[in-house]
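**Q** I am attaching a structure below and will ask some questions about it afterwards.
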Amino acid sequence: MTASNKQRLLWAVLAACLTMFGMTLFTSGAAAVRDFAHLDFYDYWLAARALLVGQSPYDGVWADAMATTEGLPFVQGSNYIYAPWLAVVLRPLAMMDPSIAAGLWFALSAVTMMVIVVRTTADSQWAALPLLLFPPVLFSLFVGQINLLLLGAVVAGFALRERRPALAGVLFALAAATKVGPVLLLAVMAAHRRWRLLGAALGTLALLAVVGIVGAPGATTTWIDTVLPSTMAMAPHHGHPANQSVYALLIRMCAPNQWTTPWVHAPALVPWLARGVAVAMLALLALRIGRRASEGRQSEPVDAASAITAIVILSPLSWESSYALLLAPLLWLWRRTQLRPALVGAWLLVAAQRGLDDFANHPENHPLLSAAPPLSALALLGAVVVFAVCVREDRSGLAGADRLKTAPGDSDS
């Protein structure tokens with residue numbers, strides 16, 4: 001084994017130890033969530049199990065009854081909401097005992113996260129330490145959220161976009177087919193004229209749709225006609241401070257709720273204000289990406305970071321685990337930006353949402369915090385700081401952050 005490989009192995013072992021240490025700290029300091037270990041994964045497992053026994057993956061009554069029978073944690077009314085193809089491909093795990101399947105899922109997620117951090121910070125290993133202990137990452141590991149695997153697909157796809165554009169397209173498509181937000185990354189790739197990548201992504205999306213239609217007959221129609229509309233309809237009722245989206249903050253600021261004292265009583269304005277913020281942010285994103293893409297591909301890292309950060313901010317349901325996606329922008333921006341203090345501040349704000357759980361997520365217990373709704377959105381503020389760093393960076397600021405340099409104006413066909 002060469003010296004460099006030994007160094008990588010030792011660093012991987014250190015990363016694993018740090019992850020376990022972080023998980024221990026997280027669970028010992030979050031008594032309120034200890035009863036929900038693997039909660040999200042069990043939703044996936046139940047959906048796949050439903051297919052095995054001839055049930056719909058979206059049958060919440062059956063899923064809750066099955067969870068009770070198996071002794072699994074669940075939140076009534078909060079069931080599987082993803083596309084049918086995911087439940088189809090997870091059927092092998094549904095053949096296992098749920099605790100064994102959850103352990104395998106945890107191991108896969110942890111390895112994915114460690115590979116992302118270790119490989120991306122190989123030349124700046126100290127930068128990896130706070131990233132390995134990033135609270136949203138630890139929370140995603142704890143509840144078994146799919147965000148870390150989605151993040152792995154995005155980071156790997158971005159790294160492979162030059163050498164293997166078709167494989168990169170497949171990985172981006174897997175992310176976009178899991179959660180709609182990563183479609184923004186495909187828009188970034190279109191702006192940079194990566195046509196082979198886009199072709200592979202569109203082909204993969206079509207294939208996954210066929211997998212869902214064939215593997216779960218009728219489920220695709222249910223997902224489109226019932227699940228997606230009901231998920232969006234839930235958004236106005238999710239003003240809980242744990243939802244760190246713009247939409248949720250506007251609910252806490254403008255509509256009667258049990259957590260904060262709204263500054264104005266205008267609940268009818270919330271959807272319009274949220275749409276206005278989304279249009280303004282996406283317009284700014286489109287203008288900057290369009291301008292920079294016309295000058296070459298050196299801006300791709302910051303453009304991708306901008307897109308992922310916008311996804312986190314604008315999603316109507318952006319729980320703590322969703323903020324694990326910020327790991328990619330933090331990694332890409334840290335290596336070259338001159339605004340590192342801002343990124344440190346963003347990390348601290350996101351971490352404070354969990355570290356100050358009793359205050360940030362329960363402002364109703366503190367009159368001063370209840371009267372100031374923005375103080376219940378620390379993680380959201382951190383994401384806004386990351387987005388501001390992306391906007392401030394000029395085209396040359398992050399050119400060196402991309403290890404795979406390309407000639408300006410170069411395009412694949």
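Chain labels A, B, ... are given in the sequence in which chains occur in the structure tokens; within each chain residues are numbered consecutively from 1, and ligands are likewise numbered from 1 in the order shown.
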Can you tell me which residues surround segment 166-170 of chain A at a distance of at most 9 Å, considering only C-alpha atoms, apart from same-chain residues fewer than 3 positions away, and format the answer as an mmCIF file with C-alpha atoms, in the first residue's frame?

**A**
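New file selection09.cif:
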```cif
data_model
loop_
_atom_site.group_PDB
_atom_site.id
_atom_site.type_symbol
_atom_site.label_atom_id
_atom_site.label_comp_id
_atom_site.auth_asym_id
_atom_site.auth_seq_id
_atom_site.Cartn_x
_atom_site.Cartn_y
_atom_site.Cartn_z
ATOM 1 C CA ALA A 153 -25.621 11.264 -6.539
ATOM 2 C CA VAL A 154 -25.380 15.023 -7.068
ATOM 3 C CA ALA A 156 -20.640 12.248 -7.920
ATOM 4 C CA GLY A 157 -22.542 13.421 -10.998
ATOM 5 C CA PHE A 158 -20.928 16.826 -10.801
ATOM 6 C CA ALA A 159 -17.458 15.289 -10.497
ATOM 7 C CA LEU A 160 -18.093 12.998 -13.496
ATOM 8 C CA ARG A 161 -19.703 15.542 -15.818
ATOM 9 C CA GLU A 162 -16.530 15.912 -17.920
ATOM 10 C CA ARG A 163 -15.126 12.387 -18.058
ATOM 11 C CA ALA A 173 -31.724 11.977 -12.974
ATOM 12 C CA LEU A 174 -31.819 9.689 -9.935
ATOM 13 C CA ALA A 175 -31.680 12.782 -7.720
ATOM 14 C CA LEU A 186 -30.333 19.937 -14.967
ATOM 15 C CA ARG A 196 -24.937 14.357 -23.619
ATOM 16 C CA LEU A 197 -25.468 14.655 -19.890
ATOM 17 C CA LEU A 198 -28.980 16.023 -20.418
ATOM 18 C CA GLY A 199 -29.817 13.303 -22.941
ATOM 19 C CA ALA A 200 -28.778 10.598 -20.487
ATOM 20 C CA ALA A 201 -30.745 12.299 -17.699
ATOM 21 C CA LEU A 202 -33.949 12.512 -19.748
ATOM 22 C CA GLY A 203 -33.585 8.900 -20.831
ATOM 23 C CA THR A 204 -33.088 7.802 -17.217
ATOM 24 C CA LEU A 205 -36.134 9.771 -16.054
#
```

**Q** From a DSSP calculation on the backbone, collect every residue of segment 241-287 of chain A in alpha helix (DSSP H) and output the set as a list in words.

**A** Val246, Tyr247, Ala248, Leu249, Leu250, Ile251, Arg252, Met253, Cys254, Val270, Pro271, Trp272, Leu273, Ala274, Arg275, Gly276, Val277, Ala278, Val279, Ala280, Met281, Leu282, Ala283, Leu284, Leu285, Ala286 and Leu287 of chain A

**Q** So what do you get for atom CA of Gly345 of chain A versus atom CA of Glu393 of chain A, distance-wise?

**A**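 The value is 16.7 Å.
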
**Q** Given only C-alpha atoms as the basis, pick out the residue of A:Trp62, A:Asn257, A:Thr220, A:Ile311 nearest to Leu285 of chain A.

**A** A:Ile311
